[in-house]
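S.K.: Hey, dropping final_13.cif in here, mmCIF, C-alpha atoms:
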```cif
data_run
#
loop_
_atom_site.label_atom_id
_atom_site.label_comp_id
_atom_site.auth_asym_id
_atom_site.auth_seq_id
_atom_site.Cartn_x
_atom_site.Cartn_y
_atom_site.Cartn_z
CA MET A 4 -48.69 -33.06 49.02
CA ALA A 5 -46.15 -35.70 50.13
CA ALA A 6 -48.51 -38.51 49.18
CA ALA A 7 -49.03 -36.98 45.73
CA TRP A 8 -45.29 -36.77 45.15
CA CYS A 9 -44.86 -40.37 46.23
CA ARG A 10 -47.47 -41.48 43.70
CA ALA A 11 -45.72 -39.47 41.00
CA LEU A 12 -42.35 -40.93 41.90
CA ARG A 13 -43.72 -44.47 41.93
CA ALA A 14 -45.28 -43.88 38.50
CA ALA A 15 -41.84 -42.84 37.28
CA ARG A 16 -40.38 -46.03 38.89
CA VAL A 17 -38.26 -43.98 41.21
CA PRO A 18 -37.93 -45.43 44.72
CA CYS A 19 -39.32 -43.09 47.35
CA ARG A 20 -38.12 -44.73 50.53
CA GLY A 21 -37.56 -41.48 52.40
CA ALA A 22 -40.97 -39.88 51.90
CA CYS A 23 -43.04 -43.06 52.22
CA ALA A 24 -41.18 -44.32 55.25
CA ALA A 25 -41.42 -40.96 56.93
CA SER A 26 -45.16 -40.63 56.34
CA SER A 27 -45.83 -44.20 57.51
CA SER A 28 -43.73 -44.14 60.65
CA GLY A 29 -44.25 -40.50 61.51
CA SER A 30 -40.72 -40.35 62.87
CA ALA A 31 -39.28 -37.90 60.33
CA SER A 32 -40.14 -34.23 60.38
CA SER A 33 -42.10 -32.45 57.65
CA SER A 34 -39.02 -30.52 56.58
CA SER A 35 -37.05 -33.75 56.23
CA ARG A 36 -39.73 -35.19 53.94
CA ASP A 37 -39.72 -32.06 51.83
CA GLU A 38 -35.94 -32.18 51.44
CA VAL A 39 -36.04 -35.80 50.30
CA LEU A 40 -38.78 -35.10 47.78
CA GLN A 41 -37.05 -32.01 46.44
CA ASP A 42 -33.81 -33.93 46.02
CA LYS A 43 -35.52 -36.75 44.11
CA ARG A 44 -37.49 -34.32 42.00
CA ALA A 45 -34.26 -32.55 41.05
CA ARG A 46 -32.67 -35.87 40.07
CA ILE A 47 -35.67 -36.83 37.91
CA LEU A 48 -35.61 -33.49 36.14
CA SER A 49 -31.86 -33.61 35.61
CA ARG A 50 -32.19 -36.96 33.88
CA GLY A 51 -34.73 -35.46 31.50
CA LEU A 52 -32.51 -32.58 30.39
CA PRO A 53 -30.22 -33.46 27.47
CA LYS A 54 -26.55 -32.68 27.81
CA GLN A 55 -24.97 -31.08 24.77
CA LYS A 56 -22.21 -33.10 23.19
CA PRO A 57 -20.20 -31.79 20.23
CA ILE A 58 -20.11 -33.77 16.99
CA GLU A 59 -16.66 -35.29 16.70
CA GLY A 60 -14.46 -33.43 14.26
CA VAL A 61 -16.92 -30.56 13.71
CA LYS A 62 -15.84 -27.10 14.83
CA GLN A 63 -19.06 -25.16 14.27
CA VAL A 64 -22.64 -26.15 13.50
CA LEU A 65 -24.87 -23.77 11.55
CA VAL A 66 -28.58 -24.51 11.22
CA VAL A 67 -30.64 -23.15 8.33
CA ALA A 68 -34.29 -23.08 9.30
CA SER A 69 -37.71 -21.73 8.41
CA GLY A 70 -41.01 -21.78 10.18
CA LYS A 71 -42.89 -22.66 6.98
CA GLY A 72 -42.15 -25.09 4.18
CA GLY A 73 -41.88 -23.98 0.57
CA VAL A 74 -39.88 -20.81 1.18
CA GLY A 75 -36.66 -22.08 -0.43
CA LYS A 76 -34.86 -23.15 2.74
CA SER A 77 -33.15 -26.24 1.32
CA THR A 78 -32.05 -24.35 -1.79
CA ALA A 79 -30.60 -21.68 0.49
CA ALA A 80 -28.89 -24.24 2.74
CA VAL A 81 -27.18 -25.92 -0.22
CA ASN A 82 -25.98 -22.67 -1.74
CA ILE A 83 -24.87 -21.27 1.63
CA ALA A 84 -22.78 -24.39 2.26
CA LEU A 85 -21.19 -24.06 -1.17
CA ALA A 86 -20.65 -20.32 -0.63
CA LEU A 87 -18.90 -20.91 2.69
CA ALA A 88 -16.44 -23.20 0.91
CA ALA A 89 -16.09 -20.86 -2.09
CA ASN A 90 -15.32 -17.85 0.09
CA ASP A 91 -12.46 -19.65 1.84
CA SER A 92 -10.88 -22.63 0.11
CA LYS A 93 -9.10 -23.59 3.33
CA LYS A 94 -12.37 -24.34 5.09
CA GLU A 95 -13.94 -27.80 5.10
CA VAL A 96 -17.72 -27.75 4.93
CA GLY A 97 -20.34 -30.45 5.49
CA LEU A 98 -24.07 -30.52 4.80
CA LEU A 99 -26.58 -32.53 6.83
CA ASP A 100 -30.15 -33.03 5.61
CA ALA A 101 -32.24 -33.24 8.79
CA ASP A 102 -35.55 -33.38 6.92
CA ILE A 103 -36.34 -37.07 7.39
CA TYR A 104 -39.72 -36.98 5.64
CA GLY A 105 -38.69 -34.90 2.63
CA PRO A 106 -34.93 -35.05 1.99
CA SER A 107 -33.82 -32.72 -0.80
CA ILE A 108 -30.03 -32.68 -0.54
CA PRO A 109 -29.35 -35.80 -2.68
CA LYS A 110 -31.04 -34.29 -5.75
CA MET A 111 -29.75 -30.76 -5.24
CA MET A 112 -26.17 -31.98 -4.73
CA ASN A 113 -26.41 -34.61 -7.51
CA LEU A 114 -25.60 -37.50 -5.20
CA LYS A 115 -26.86 -41.09 -5.20
CA GLY A 116 -25.86 -44.30 -3.49
CA ASN A 117 -25.47 -45.78 -0.05
CA PRO A 118 -22.80 -44.52 2.36
CA GLU A 119 -19.88 -46.84 2.98
CA LEU A 120 -19.07 -47.96 6.52
CA THR A 121 -15.78 -47.34 8.27
CA PRO A 122 -14.05 -49.99 10.41
CA LYS A 123 -15.73 -48.28 13.39
CA ASN A 124 -19.14 -48.88 11.78
CA LEU A 125 -19.67 -45.20 11.01
CA MET A 126 -21.21 -43.98 7.76
CA ARG A 127 -18.98 -42.07 5.36
CA PRO A 128 -20.68 -38.99 3.89
CA LEU A 129 -21.11 -38.79 0.14
CA LYS A 130 -19.18 -35.91 -1.38
CA ASN A 131 -19.68 -33.56 -4.30
CA TYR A 132 -18.37 -30.08 -5.11
CA GLY A 133 -16.05 -30.50 -2.11
CA ILE A 134 -18.98 -30.74 0.36
CA ALA A 135 -19.46 -33.81 2.56
CA CYS A 136 -23.18 -34.64 2.60
CA MET A 137 -25.42 -36.93 4.64
CA SER A 138 -29.14 -37.45 4.17
CA MET A 139 -31.93 -39.90 4.84
CA GLY A 140 -32.28 -39.87 1.06
CA PHE A 141 -29.08 -41.94 0.79
CA LEU A 142 -30.58 -44.70 2.95
CA ILE A 143 -33.98 -45.20 1.29
CA ASP A 144 -35.30 -45.50 -2.25
CA GLU A 145 -35.83 -42.16 -3.96
CA THR A 146 -39.59 -42.68 -4.29
CA ALA A 147 -40.15 -44.42 -0.94
CA PRO A 148 -42.13 -42.41 1.64
CA VAL A 149 -40.92 -42.31 5.23
CA VAL A 150 -44.00 -43.26 7.26
CA TRP A 151 -42.62 -43.05 10.78
CA ARG A 152 -43.76 -41.85 14.15
CA GLY A 153 -41.81 -39.30 16.15
CA LEU A 154 -39.59 -41.72 18.09
CA MET A 155 -38.29 -43.37 14.91
CA VAL A 156 -37.63 -39.97 13.35
CA MET A 157 -35.67 -38.89 16.42
CA SER A 158 -33.65 -42.12 16.29
CA ALA A 159 -32.82 -41.46 12.63
CA VAL A 160 -31.72 -37.89 13.40
CA GLU A 161 -29.51 -39.15 16.21
CA LYS A 162 -27.85 -41.62 13.83
CA LEU A 163 -27.26 -38.93 11.20
CA LEU A 164 -25.63 -36.76 13.86
CA ARG A 165 -23.58 -39.31 15.78
CA GLN A 166 -22.97 -42.28 13.50
CA VAL A 167 -21.33 -40.41 10.65
CA ASP A 168 -17.59 -40.02 10.12
CA TRP A 169 -17.54 -36.33 9.23
CA GLY A 170 -13.75 -36.13 9.33
CA GLN A 171 -12.54 -32.62 10.19
CA LEU A 172 -15.05 -29.89 9.36
CA ASP A 173 -14.90 -26.17 9.97
CA TYR A 174 -18.63 -25.80 9.34
CA LEU A 175 -21.48 -28.30 9.35
CA VAL A 176 -24.58 -26.75 7.77
CA ILE A 177 -27.80 -28.47 8.87
CA ASP A 178 -30.83 -28.14 6.62
CA MET A 179 -33.62 -28.27 9.21
CA PRO A 180 -37.16 -29.45 8.44
CA PRO A 181 -39.89 -26.81 8.48
CA GLY A 182 -41.57 -25.94 11.75
CA THR A 183 -40.61 -25.92 15.43
CA GLY A 184 -41.07 -29.53 16.41
CA ASP A 185 -39.15 -32.46 17.85
CA VAL A 186 -36.28 -32.43 15.35
CA GLN A 187 -35.53 -28.74 15.83
CA LEU A 188 -35.71 -29.04 19.60
CA SER A 189 -33.60 -32.20 19.75
CA ILE A 190 -30.81 -30.84 17.54
CA SER A 191 -30.77 -27.51 19.38
CA GLN A 192 -30.54 -29.14 22.79
CA ASN A 193 -28.23 -32.07 22.04
CA ILE A 194 -25.39 -30.44 20.11
CA PRO A 195 -23.73 -27.03 20.45
CA VAL A 196 -25.13 -24.84 17.66
CA ALA A 197 -23.02 -21.82 16.74
CA GLY A 198 -25.88 -20.01 15.06
CA ALA A 199 -29.20 -20.20 13.25
CA VAL A 200 -30.19 -18.56 9.97
CA ILE A 201 -33.90 -18.06 9.32
CA ILE A 202 -35.11 -18.18 5.71
CA SER A 203 -38.41 -16.56 4.76
CA THR A 204 -40.21 -14.97 1.87
CA PRO A 205 -41.64 -11.48 2.44
CA GLN A 206 -45.17 -12.91 2.47
CA ASP A 207 -47.17 -12.32 5.67
CA VAL A 208 -48.11 -16.00 6.08
CA ALA A 209 -44.46 -17.06 5.88
CA LEU A 210 -43.37 -14.29 8.25
CA LEU A 211 -45.75 -15.49 10.97
CA ASP A 212 -43.95 -18.85 11.09
CA ALA A 213 -40.50 -17.34 10.60
CA ARG A 214 -41.03 -15.35 13.77
CA LYS A 215 -41.99 -18.53 15.65
CA GLY A 216 -38.79 -20.17 14.41
CA ALA A 217 -36.64 -17.29 15.60
CA GLU A 218 -38.35 -17.23 18.98
CA MET A 219 -37.86 -20.98 19.38
CA PHE A 220 -34.12 -20.71 18.88
CA ARG A 221 -33.96 -17.88 21.40
CA LYS A 222 -35.77 -20.02 23.96
CA VAL A 223 -33.23 -22.82 23.60
CA HIS A 224 -30.33 -20.31 23.68
CA VAL A 225 -29.21 -20.72 20.07
CA PRO A 226 -27.90 -17.45 18.63
CA VAL A 227 -29.99 -16.25 15.69
CA LEU A 228 -27.45 -14.79 13.28
CA GLY A 229 -30.07 -13.14 11.12
CA LEU A 230 -32.79 -13.51 8.52
CA VAL A 231 -32.58 -14.07 4.77
CA GLN A 232 -35.28 -12.56 2.54
CA ASN A 233 -35.80 -15.18 -0.15
CA MET A 234 -37.72 -14.68 -3.40
CA SER A 235 -37.50 -10.97 -2.68
CA VAL A 236 -38.13 -9.66 -6.19
CA PHE A 237 -38.82 -10.99 -9.68
CA GLN A 238 -37.23 -9.28 -12.66
CA CYS A 239 -38.77 -9.89 -16.06
CA PRO A 240 -36.04 -11.35 -18.31
CA LYS A 241 -37.37 -9.38 -21.31
CA CYS A 242 -38.28 -5.90 -20.09
CA LYS A 243 -36.36 -5.98 -16.76
CA HIS A 244 -39.40 -4.72 -14.88
CA GLU A 245 -39.26 -5.74 -11.20
CA THR A 246 -42.28 -7.19 -9.39
CA HIS A 247 -42.49 -8.02 -5.67
CA ILE A 248 -44.64 -11.12 -6.05
CA PHE A 249 -44.54 -12.06 -2.34
CA GLY A 250 -44.49 -8.50 -1.04
CA ALA A 251 -41.68 -6.06 -0.37
CA ASP A 252 -39.44 -5.82 2.71
CA GLY A 253 -41.55 -8.05 4.94
CA VAL A 254 -38.45 -9.81 6.26
CA ARG A 255 -36.78 -6.46 6.95
CA ASP A 256 -39.75 -5.32 8.97
CA LEU A 257 -39.73 -8.58 10.96
CA ALA A 258 -35.98 -8.26 11.57
CA LYS A 259 -36.50 -4.78 13.04
CA THR A 260 -39.27 -6.10 15.28
CA LEU A 261 -37.05 -8.92 16.56
CA GLY A 262 -33.89 -6.83 16.77
CA LEU A 263 -32.11 -9.02 14.23
CA ASP A 264 -30.05 -8.41 11.09
CA VAL A 265 -31.03 -9.14 7.51
CA LEU A 266 -28.15 -11.15 6.08
CA GLY A 267 -29.19 -10.60 2.48
CA ASP A 268 -31.84 -10.82 -0.24
CA ILE A 269 -32.19 -13.64 -2.75
CA PRO A 270 -34.15 -12.82 -5.92
CA LEU A 271 -36.87 -15.01 -7.38
CA HIS A 272 -34.99 -16.26 -10.43
CA VAL A 273 -35.57 -19.26 -12.64
CA ASN A 274 -31.84 -20.08 -12.69
CA ILE A 275 -31.82 -20.75 -8.94
CA ARG A 276 -34.58 -23.32 -9.34
CA GLU A 277 -33.23 -24.90 -12.53
CA THR A 278 -29.68 -25.30 -11.25
CA CYS A 279 -30.77 -26.98 -8.02
CA ASP A 280 -33.17 -29.29 -9.86
CA SER A 281 -30.31 -30.35 -12.15
CA GLY A 282 -27.93 -30.96 -9.23
CA GLN A 283 -25.69 -28.03 -10.15
CA PRO A 284 -26.47 -25.27 -7.62
CA VAL A 285 -26.08 -21.71 -8.86
CA VAL A 286 -23.06 -20.93 -6.65
CA ILE A 287 -21.15 -23.68 -8.48
CA SER A 288 -22.59 -23.53 -11.98
CA GLN A 289 -23.02 -19.75 -12.36
CA PRO A 290 -20.62 -18.17 -9.83
CA GLN A 291 -20.66 -14.76 -11.58
CA SER A 292 -24.45 -14.44 -11.57
CA ASP A 293 -26.28 -12.01 -9.30
CA ALA A 294 -27.94 -14.92 -7.50
CA ALA A 295 -24.61 -16.60 -6.72
CA LYS A 296 -23.13 -13.30 -5.54
CA ALA A 297 -26.09 -12.88 -3.19
CA TYR A 298 -25.38 -16.28 -1.59
CA LEU A 299 -21.66 -15.51 -1.35
CA LYS A 300 -22.44 -12.25 0.43
CA ILE A 301 -24.79 -14.00 2.86
CA ALA A 302 -22.09 -16.57 3.65
CA MET A 303 -19.66 -13.74 4.42
CA GLU A 304 -22.22 -12.12 6.73
CA ILE A 305 -22.74 -15.43 8.52
CA VAL A 306 -19.01 -15.93 9.16
CA ARG A 307 -18.71 -12.36 10.45
CA ARG A 308 -21.31 -13.10 13.09
CA LEU A 309 -20.02 -16.50 14.21
CA GLN A 310 -17.86 -16.59 17.30
CA VAL A 311 -14.31 -17.74 16.69
CA PRO A 312 -14.22 -21.45 17.65
CA PRO A 313 -11.67 -22.60 20.25
CA ALA A 314 -8.39 -23.77 18.74
#
```
Show the structure stored in the file as structure tokens.

M.R.:
Amino acid sequence: MAAAWCRALRAARVPCRGACAASSSGSASSSSRDEVLQDKRARILSRGLPKQKPIEGVKQVLVVASGKGGVGKSTAAVNIALALAANDSKKEVGLLDADIYGPSIPKMMNLKGNPELTPKNLMRPLKNYGIACMSMGFLIDETAPVVWRGLMVMSAVEKLLRQVDWGQLDYLVIDMPPGTGDVQLSISQNIPVAGAVIISTPQDVALLDARKGAEMFRKVHVPVLGLVQNMSVFQCPKCKHETHIFGADGVRDLAKTLGLDVLGDIPLHVNIRETCDSGQPVVISQPQSDAAKAYLKIAMEIVRRLQVPPA
């Protein structure tokens, strides 16, 4: 066993003087060798565990996530950020697009251009509708694909988190990429996250991955504030007949299974899609609409569930 640990430690380029010397000379006791190995193993493991460090100037971080792509997560993230600001004009809100491969925030927030640099060589977020925004989409051409391996993606996420002058924010909303991979794990483990919101349609296929997303956040000790049932119902604009295209109450059933709250329902409405595509999200452009009111209610439910940040 001691020889195996020594080989492992050498492979990790960790000196193993105690165990090797003891086994070669035979002068140290077995218990002494075990103590040395356990101590070194603990040090190796401790180096591998990330230490959470707050983002300077940001009071609370809220992540908007989904297990599956195509369920309207980015649209929800944009409108939730705008709703947080609309519900309380005294609050400063930021929006970070963590989807490196498919950034959507620039188009939805009607923003273009490269961020300016501060004297400290930090990027200044682009701003619209009172929301400070940062995205990979500001740093590459709109039609250019990001063909990167995992390490480069993680480096980009780290830069978007740490090398941005966010100023003073009450809430930073992070639009997470779909899935439960490196980006989700890195963000959850490297910065304090006040809460996660899971977006899903009521469709069974989407719910399978939404459950995985919720379970992932629980494993990394991020509070799951609740689920949002997106595209919950379609109402015909002519006859007003309602159709549950993706199923009815699937997210509510999942929430009961997981012991979580449903923060609200967002209808499947053409205005939500059209306003985001035009860079004028529904919360801003149609604040009296049912869709906007649904987002405003969800934002209120989120704030109710967030712990009060330290002064």

S.K.: With only C-alpha atoms as the atoms that count, which of A:Gly105, A:Gly216, A:Gly253, A:Pro122 lies nearest to Thr204 in chain A?

M.R.: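 Selected residue with least distance to Thr204 in chain A: A:Gly253.
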
S.K.: Please write as a list in words the full residue list that the PyMOL selection byres ((chain A and resi 118) around 9) yields on this file.

M.R.: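 Against this file, the PyMOL selection byres ((chain A and resi 118) around 9) returns the residues Gly116, Asn117, Glu119, Leu120, Met126, Arg127, Pro128, Leu129, Met137, Phe141 and Leu142 of chain A.
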
S.K.: May I ask for the distance between CA of Leu261 in chain A and CA of Arg307 in chain A, given in Å to one decimal place?

M.R.: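 Going from CA of Leu261 in chain A over to CA of Arg307 in chain A, I get 19.6 Å.
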
S.K.: Interatomic distance between CA of Ala68 in chain A and CA of Leu98 in chain A?

M.R.: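 Here the two named atoms are 13.4 Å from each other.
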
S.K.: Which residues are near Pro180 in chain A? Cut-off 12 Å, only C-alpha atoms, ignore same chain within fewer than 4 positions. Put them as an MDAnalysis selection string.

M.R.: chainID A and resid 66:77 80 99:108 156 160 184:188 190 201:202 216

S.K.: Tell me which protein, DNA and RNA residues are within 10 Å of Phe249 in chain A, counting only C-alpha atoms, leaving out same-chain ones fewer than 3 positions away, and put them as a ChimeraX atom specification.

M.R.: /A:204-209,233-237,246,252-253,271

S.K.: Run through the PyMOL selection byres ((chain A and resi 133) around 10) on the given coordinates and return the selected residues as a PDB file with C-alpha atoms, in the coordinates of the input.

M.R.:
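Saved file selection19.pdb follows:
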```pdb
ATOM      1  CA  LEU A  85     -21.190 -24.060  -1.170  1.00  0.00           C
ATOM      2  CA  ALA A  88     -16.440 -23.200   0.910  1.00  0.00           C
ATOM      3  CA  ALA A  89     -16.090 -20.860  -2.090  1.00  0.00           C
ATOM      4  CA  SER A  92     -10.880 -22.630   0.110  1.00  0.00           C
ATOM      5  CA  GLU A  95     -13.940 -27.800   5.100  1.00  0.00           C
ATOM      6  CA  VAL A  96     -17.720 -27.750   4.930  1.00  0.00           C
ATOM      7  CA  GLY A  97     -20.340 -30.450   5.490  1.00  0.00           C
ATOM      8  CA  LEU A 129     -21.110 -38.790   0.140  1.00  0.00           C
ATOM      9  CA  LYS A 130     -19.180 -35.910  -1.380  1.00  0.00           C
ATOM     10  CA  ASN A 131     -19.680 -33.560  -4.300  1.00  0.00           C
ATOM     11  CA  TYR A 132     -18.370 -30.080  -5.110  1.00  0.00           C
ATOM     12  CA  ILE A 134     -18.980 -30.740   0.360  1.00  0.00           C
ATOM     13  CA  ALA A 135     -19.460 -33.810   2.560  1.00  0.00           C
ATOM     14  CA  CYS A 136     -23.180 -34.640   2.600  1.00  0.00           C
TER      15      CYS A 136
END
```

S.K.: Please, what distance in Å, to one decimal, runs between CA of Lys243 in chain A and CA of Pro270 in chain A?

M.R.: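 Pair CA of Lys243 in chain A / CA of Pro270 in chain A returns 13.0 Å.
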
S.K.: Nearest residue to Gln283 in chain A out of A:Ala295, A:Ile301, A:Leu172, A:Val306, using all atoms listed in the file?

M.R.: A:Ala295

S.K.: I'd like to see the residues matched by the PyMOL selection byres ((chain A and resi 285) around 10) on this file, and ideally I'd get them as a list in words.

M.R.: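 Selected by the PyMOL selection byres ((chain A and resi 285) around 10) here: Thr78, Val81, Asn82, Leu85, Ala86, Asn274, Ile275, Arg276, Glu277, Thr278, Cys279, Gly282, Gln283, Pro284, Val286, Ile287, Ser288, Gln289, Pro290, Gln291, Ser292, Asp293, Ala294, Ala295, Lys296 and Tyr298 of chain A.
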
S.K.: Considering all atoms listed in the file, can you say which of A:Ala251, A:Leu257, A:Met303, A:Ile58 comes closest to Leu163 in chain A?

M.R.: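 Comparing A:Ala251, A:Leu257, A:Met303, A:Ile58 against Leu163 in chain A, the winner is A:Ile58.
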